[in-house]
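Below you'll find the structure, written out as structure tokens, and then a few comments.
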Amino acid sequence: MADTHSVIGTKNKKGQTFTDTWKLMNEAPRTPSFYTGSEVIKEALRRASCDVMIAYPITPQSEAAALIGELFAEGYIGDYFRGESEFAVMSQCAGAAFGGARVFTTTAGPGTMRAMENFPMWSGARLPIQMIVTCRGINSPLSIQPDTLEIAYLLNTGMLVWHAETAQDFFDWILKGYMVSEEPDVHLPLALCCDGFFVTHTKDVVNLTPADMCLPPYDPYRSPVPCMDMECPPVRMMRDPFIMKSNYISYATHASWQQEVWAAVERSRKHTIKWLNGLIETENTDAEVIIVASGTAVSQGREAIRLLDDEGIRCGLVKVKALRPWPGEEIREATKNAKHIIVPEFNVIGWLAKEIKATIPNSERVHAGPRVCGGMTMPPEIIVSEIKTLLGMRTMSLAGRGS
Amino acid sequence: MTQYRVLPGPEHFLPPSAASMGICLPNPGEAHINGVIVPEEKAYEEAAKQFLMAKVPTIFPGPLVLWAWNEKAAKKATAVRHLYNTLKECAQPGQTPMLIPMPDYRPKYPKINPEVEINPNHPNLTIWHNKIDCCMFIGVHCHQANLSLKIIRGGTSCYTIAMCAQAGHEDAMLSFRDASVEKIMKLAEWVRKLKGTVQPRLTSAKSGASN
């Protein structure tokens, strides 16, 4: 039987030392390295003591999935194979997690959508699988370019959902993510999202922990449900499902089960705050104008704030790190002084603005935009322009016919 | 700070999970009573009182202590038996301590035998049938325990205690965390210590079999 604490200080077969995760993330020396986001995923996984990774190619996560194959060849991953489709991959991930393995996978865009049926199943079965989502367009006509629409679909699956801004977030959160999702009172899958290409295919300086130190292994005996057993729910329910029993208590059991999944999302709040140092980060929250954003829209917001500052306009920032658990209380507090709340997004529907509107008092303060999608970039100037327009200031036209 | 408190029911047609109402789990060294975090010592006293007040105080041991799958589990099972024996020794006339196992989590159809077991999918049947007014879960996987605790709170007036080996249960009215042999034995000591100082209730659960 694995015992997480008893292995601290011992070495794995690759000579890596199992290290207390808090020490690894907060005290171990860091080495600046110039990597793409995909390479960072590989480097995080090298240190994650991962048992199983299952891959399927879909842009823009294919490179990360292939790089993790190299890790397997080097002996850092217990098992690695390609599924038949994204749906198959996510089902196979479930099988591995049911069996007590620490599981990792990556997906994107239409692949996420194709596999969607599995995600509430993962949550309902309390499987702490980690899935990287390198977001891209999902609709026809085909686009492989950055677009965060798929996150909207993940928000109600019962998974934990985090949205990384940078490759550094990605490196740290992959490792920290297991610490949150494997807590026995949480024990839920984590969708760790980033904006495809912007993060995965650009190089950045990332401070890496030592490669000879790794996470302690997953201890499946702390799971809130037994390891897979055909006589135990939820597997037993596949052949003896609640839906076949038409009585109040069967329905009540299923309802209670669903509530328990969302209770576990709530319980993750405490652990997420500990590991991510809060569900949000804030700057200048006493300003009248505040940008609230997640993912790379945060970076564009930062640049917009700098441009506004040059013009003497003070603007605050809220970086939303965790979407599930949702930082409602934190956002209410951070925006309580704001007259205008600007929510720039890389998707057509503005799911983040909708979430914020449902959270704060006087939601007419929320300006749902600017929004771009389909792979468009979001120049900080358009954020600046929208803010100045809201403030009743003159602003340059940013679009024209080239005349 | 939430105003919600985890109290004996029947609470609602579909009661909310306590976590969704803002109730948080205790940290190591703590417990909770009705959703309020307290020092663990206070929880021993309150749990012992609740057992001694109950007409049918009952322990529900789950698979993690019923089966000797490791040495620790076997020792815990012995400690659970000791607690049950202590309850019997300390019971006054009219009180009937019970020990009813939750051997597995399969739904039992067409009908569970509530005299011999409890099941997380319809725990209220066992509570109602035996008129249990105070119970303690131990050795039940956390997900299944929460499932049961919520259903019990929804449909019965039974006081629920969780002796959890992990992080505890907000859906119980009183919860310990990091359960060990020592903690079970300590609860038995508290029951013995408070024997004769607590007046048993004369009536059983409001929503017992008569409901």
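Following the order of the structure tokens, chains are lettered A, B, ..., residues in each are numbered from 1, and ligands are numbered from 1.
Applying a distance limit of 8 Å to only C-alpha atoms, the residues of chain B near chain A read Leu14, Pro16, Ser17, Ala18, Ala19, Ser20, Cys24, Leu25, Asp104, Tyr105, Arg106, Asn121, His122, His141, Cys142, His143, Gln144, Asn146, Leu147, Lys150, Ile151, Gln166, Ala167 and Gly168 of chain B.
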Requested write-out: C-alpha atoms of the selected residues, as a PDB file, in the first residue's frame:
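Saved as selection-v7.pdb:
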```
ATOM      1  CA  LEU B  14     -34.109  17.859  -0.478  1.00  0.00           C
ATOM      2  CA  PRO B  16     -28.745  21.283   0.869  1.00  0.00           C
ATOM      3  CA  SER B  17     -25.269  19.948   1.433  1.00  0.00           C
ATOM      4  CA  ALA B  18     -23.812  21.725   4.437  1.00  0.00           C
ATOM      5  CA  ALA B  19     -20.729  22.689   2.387  1.00  0.00           C
ATOM      6  CA  SER B  20     -22.924  24.572  -0.071  1.00  0.00           C
ATOM      7  CA  CYS B  24     -16.324  24.288   6.558  1.00  0.00           C
ATOM      8  CA  LEU B  25     -14.486  21.213   7.745  1.00  0.00           C
ATOM      9  CA  ASP B 104     -21.179  -2.385   1.359  1.00  0.00           C
ATOM     10  CA  TYR B 105     -22.692   0.382  -0.717  1.00  0.00           C
ATOM     11  CA  ARG B 106     -24.866  -1.510  -3.210  1.00  0.00           C
ATOM     12  CA  ASN B 121     -28.672   4.849  -0.599  1.00  0.00           C
ATOM     13  CA  HIS B 122     -31.624   4.542   1.787  1.00  0.00           C
ATOM     14  CA  HIS B 141     -15.897   5.918   2.715  1.00  0.00           C
ATOM     15  CA  CYS B 142     -16.367   9.689   2.879  1.00  0.00           C
ATOM     16  CA  HIS B 143     -18.508  10.046  -0.241  1.00  0.00           C
ATOM     17  CA  GLN B 144     -20.922   7.367   0.924  1.00  0.00           C
ATOM     18  CA  ASN B 146     -21.966  12.206   3.183  1.00  0.00           C
ATOM     19  CA  LEU B 147     -24.638  10.681   0.980  1.00  0.00           C
ATOM     20  CA  LYS B 150     -27.622  14.200   4.050  1.00  0.00           C
ATOM     21  CA  ILE B 151     -30.501  11.778   3.521  1.00  0.00           C
ATOM     22  CA  GLN B 166      -9.916  11.771   6.820  1.00  0.00           C
ATOM     23  CA  ALA B 167     -11.061  15.406   6.906  1.00  0.00           C
ATOM     24  CA  GLY B 168     -14.464  15.051   8.596  1.00  0.00           C
TER      25      GLY B 168
END
```
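Near Arg365 of chain A, within 6 Å and counting only C-alpha atoms, sit Lys339, His340, Ile341 and Ser363 of chain A, not including residues fewer than 2 positions from it in the same chain.
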Requested in this report: Please provide the set of residues having any atom within 9 Å of Gly155 of chain B, restricted to only C-alpha atoms, with same-chain residues fewer than 2 positions apart removed, written as an MDAnalysis selection string.
Outcome: chainID B and resid 9:15 124 150:153 157:158 207
Those same residues, written as a compact mmCIF listing (two decimals), in the first residue's frame with C-alpha atoms?
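In the end it all went to out12.txt:
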```
# COMPACT_ATOMS: atom_id res chain seq x y z
CA GLY B 9 -34.13 17.13 10.79
CA PRO B 10 -36.41 16.41 9.12
CA GLU B 11 -34.95 19.41 7.35
CA HIS B 12 -36.33 19.53 3.85
CA PHE B 13 -37.66 17.57 0.89
CA LEU B 14 -34.11 17.86 -0.48
CA PRO B 15 -31.82 19.44 2.13
CA ASN B 124 -33.51 6.39 6.57
CA LYS B 150 -27.62 14.20 4.05
CA ILE B 151 -30.50 11.78 3.52
CA ILE B 152 -30.78 11.15 7.27
CA ARG B 153 -30.85 14.89 7.95
CA SER B 157 -34.70 13.62 13.40
CA CYS B 158 -31.72 11.40 14.17
CA SER B 207 -39.66 10.69 12.39
```
Report task. Would you list the contacts of Ile356 of chain A as JSON, numbers by chain, taking every protein, DNA or RNA residue within 12 Å and counting only C-alpha atoms, but skipping same-chain residues closer than 6 positions in sequence? Result -> {"A": [291, 292, 293, 294, 318, 320, 323, 326, 327, 328, 329, 330, 331, 332, 334, 335, 341, 342, 343, 350, 362, 363, 364, 365, 366, 367, 368]}
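For the atom pair formed by atom CA of Leu174 of chain B and atom CA of Val116 of chain B, the distance is 24.7 Å, given to one decimal.
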Query raised in the report: Which residues, written as a list in words, have at least one atom at most 6 Å from Glu40 of chain B, with only C-alpha atoms counted and residues fewer than 3 positions away on the same chain left out?
Result: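 Final neighbour list, sorted by chain and number: Gly29, Glu30, Ala31 and Ala43 of chain B.
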Query raised in the report: Which residue, A:Val384, A:Ala108, A:Met121, A:Leu45, has the smallest gap to Arg306 of chain A when you use only C-alpha atoms?
Result: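 Closest to Arg306 of chain A, using only C-alpha atoms: A:Val384.
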With a cut-off of 8 Å, could you pull out the residues of segment 127-188 of chain A touching segment 18-39 of chain A and give me the nearest pair of atoms for each, distance in Å to one decimal, using only C-alpha atoms, ordered by chain and ascending number, as a Markdown table?
```
| residue | atom | partner | partner_atom | distance |
| --- | --- | --- | --- | --- |
| A:Ala167 | CA | A:Gly37 | CA | 5.2 |
| A:Phe170 | CA | A:Gly37 | CA | 7.6 |
| A:Asp172 | CA | A:Met25 | CA | 7.3 |
| A:Lys176 | CA | A:Thr21 | CA | 7.8 |
| A:Met179 | CA | A:Thr21 | CA | 7.9 |
```
Write a file of the just-selected residues containing C-alpha atoms, as a short mmCIF file (atom, residue, chain, number, x, y, z; two decimals), in the first residue's frame.
```
data_model
loop_
_atom_site.label_atom_id
_atom_site.label_comp_id
_atom_site.auth_asym_id
_atom_site.auth_seq_id
_atom_site.Cartn_x
_atom_site.Cartn_y
_atom_site.Cartn_z
CA ALA A 167 3.61 29.23 -18.61
CA PHE A 170 1.07 26.26 -15.81
CA ASP A 172 3.27 25.47 -10.77
CA LYS A 176 -0.21 22.02 -7.09
CA MET A 179 -2.42 18.41 -4.19
#
```
Query raised in the report: Taking the backbone alone, and naming residues the way the document does, which bits of segment 116-187 of chain B are alpha helix (DSSP H) by DSSP, as a list in words?
Result: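 Checking each residue of segment 116-187 of chain B, the alpha helix (DSSP H) ones are Pro123, Asn124, Leu125, Thr126, Ile127, Trp128, His129, Asn130, Cys142, His143, Gln144, Ala145, Asn146, Leu147, Ser148, Leu149, Lys150, Ile151, Ile152, Arg153, Gly154, Gly155, Val181, Glu182, Lys183, Ile184, Met185, Lys186 and Leu187 of chain B.
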With C-alpha atoms retained, write the just-selected residues as a compact mmCIF listing (two decimals), in the first residue's frame.
```txt
# COMPACT_ATOMS: atom_id res chain seq x y z
CA PRO B 123 -30.25 4.90 5.33
CA ASN B 124 -33.51 6.39 6.57
CA LEU B 125 -35.15 2.97 6.38
CA THR B 126 -32.81 1.57 9.04
CA ILE B 127 -33.15 4.71 11.17
CA TRP B 128 -36.93 4.62 11.02
CA HIS B 129 -37.31 0.88 11.55
CA ASN B 130 -35.11 0.78 14.66
CA CYS B 142 -16.37 9.69 2.88
CA HIS B 143 -18.51 10.05 -0.24
CA GLN B 144 -20.92 7.37 0.92
CA ALA B 145 -21.03 8.75 4.46
CA ASN B 146 -21.97 12.21 3.18
CA LEU B 147 -24.64 10.68 0.98
CA SER B 148 -26.16 8.96 4.02
CA LEU B 149 -25.78 11.86 6.39
CA LYS B 150 -27.62 14.20 4.05
CA ILE B 151 -30.50 11.78 3.52
CA ILE B 152 -30.78 11.15 7.27
CA ARG B 153 -30.85 14.89 7.95
CA GLY B 154 -33.43 15.37 5.27
CA GLY B 155 -35.96 12.80 6.44
CA VAL B 181 -7.98 3.78 17.69
CA GLU B 182 -7.02 6.28 20.38
CA LYS B 183 -9.84 8.64 19.47
CA ILE B 184 -12.44 5.88 19.52
CA MET B 185 -11.16 4.73 22.92
CA LYS B 186 -11.21 8.30 24.18
CA LEU B 187 -14.84 8.68 23.18
```
Query raised in the report: Do you know which residues are at most 12 Å from Arg46 of chain A counting only C-alpha atoms, after dropping those on the same chain fewer than 4 positions away, and could you put them as a ChimeraX atom specification?
Result: /A:14,16,39-42,50-51,53,67-78,104,171,174-175,208-215
Could you take the residues named above and write them with C-alpha atoms, as a compact mmCIF listing (two decimals), in the first residue's frame?
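Written output follows (part-v3.txt):
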```
# COMPACT_ATOMS: atom_id res chain seq x y z
CA LYS A 14 14.74 7.56 -11.83
CA GLN A 16 14.26 11.60 -8.08
CA GLU A 39 7.76 22.09 -22.94
CA VAL A 40 6.71 23.42 -19.55
CA ILE A 41 3.89 20.86 -19.38
CA LYS A 42 6.48 18.16 -20.00
CA CYS A 50 2.40 10.39 -12.68
CA ASP A 51 1.30 6.80 -13.17
CA MET A 53 -0.80 9.52 -19.31
CA LEU A 67 6.71 15.42 -25.43
CA ILE A 68 5.20 13.46 -22.57
CA GLY A 69 5.74 10.37 -24.72
CA GLU A 70 9.44 11.17 -24.50
CA LEU A 71 9.10 11.27 -20.71
CA PHE A 72 7.59 7.79 -20.84
CA ALA A 73 10.49 6.58 -22.98
CA GLU A 74 12.84 8.03 -20.37
CA GLY A 75 10.99 6.17 -17.61
CA TYR A 76 9.31 9.06 -15.81
CA ILE A 77 5.70 7.98 -16.53
CA GLY A 78 4.31 4.63 -15.45
CA PHE A 104 -2.84 12.98 -16.64
CA PHE A 171 4.21 24.72 -14.37
CA ILE A 174 0.08 21.25 -12.68
CA LEU A 175 1.98 20.17 -9.58
CA LEU A 208 11.58 25.36 -12.66
CA THR A 209 12.00 23.30 -9.52
CA PRO A 210 14.92 20.84 -9.48
CA ALA A 211 14.42 17.90 -11.86
CA ASP A 212 15.70 15.48 -9.25
CA MET A 213 12.81 16.27 -6.89
CA CYS A 214 9.27 15.03 -7.45
CA LEU A 215 5.81 14.90 -5.88
```
Report task. Please give the complete set of residues from segment 289-398 of chain A that DSSP, run on the backbone, assigns to strand (DSSP E or B), formatted as a ChimeraX atom specification. Result -> /A:289-293,315-320,322-324,340-342,345,366-367,371
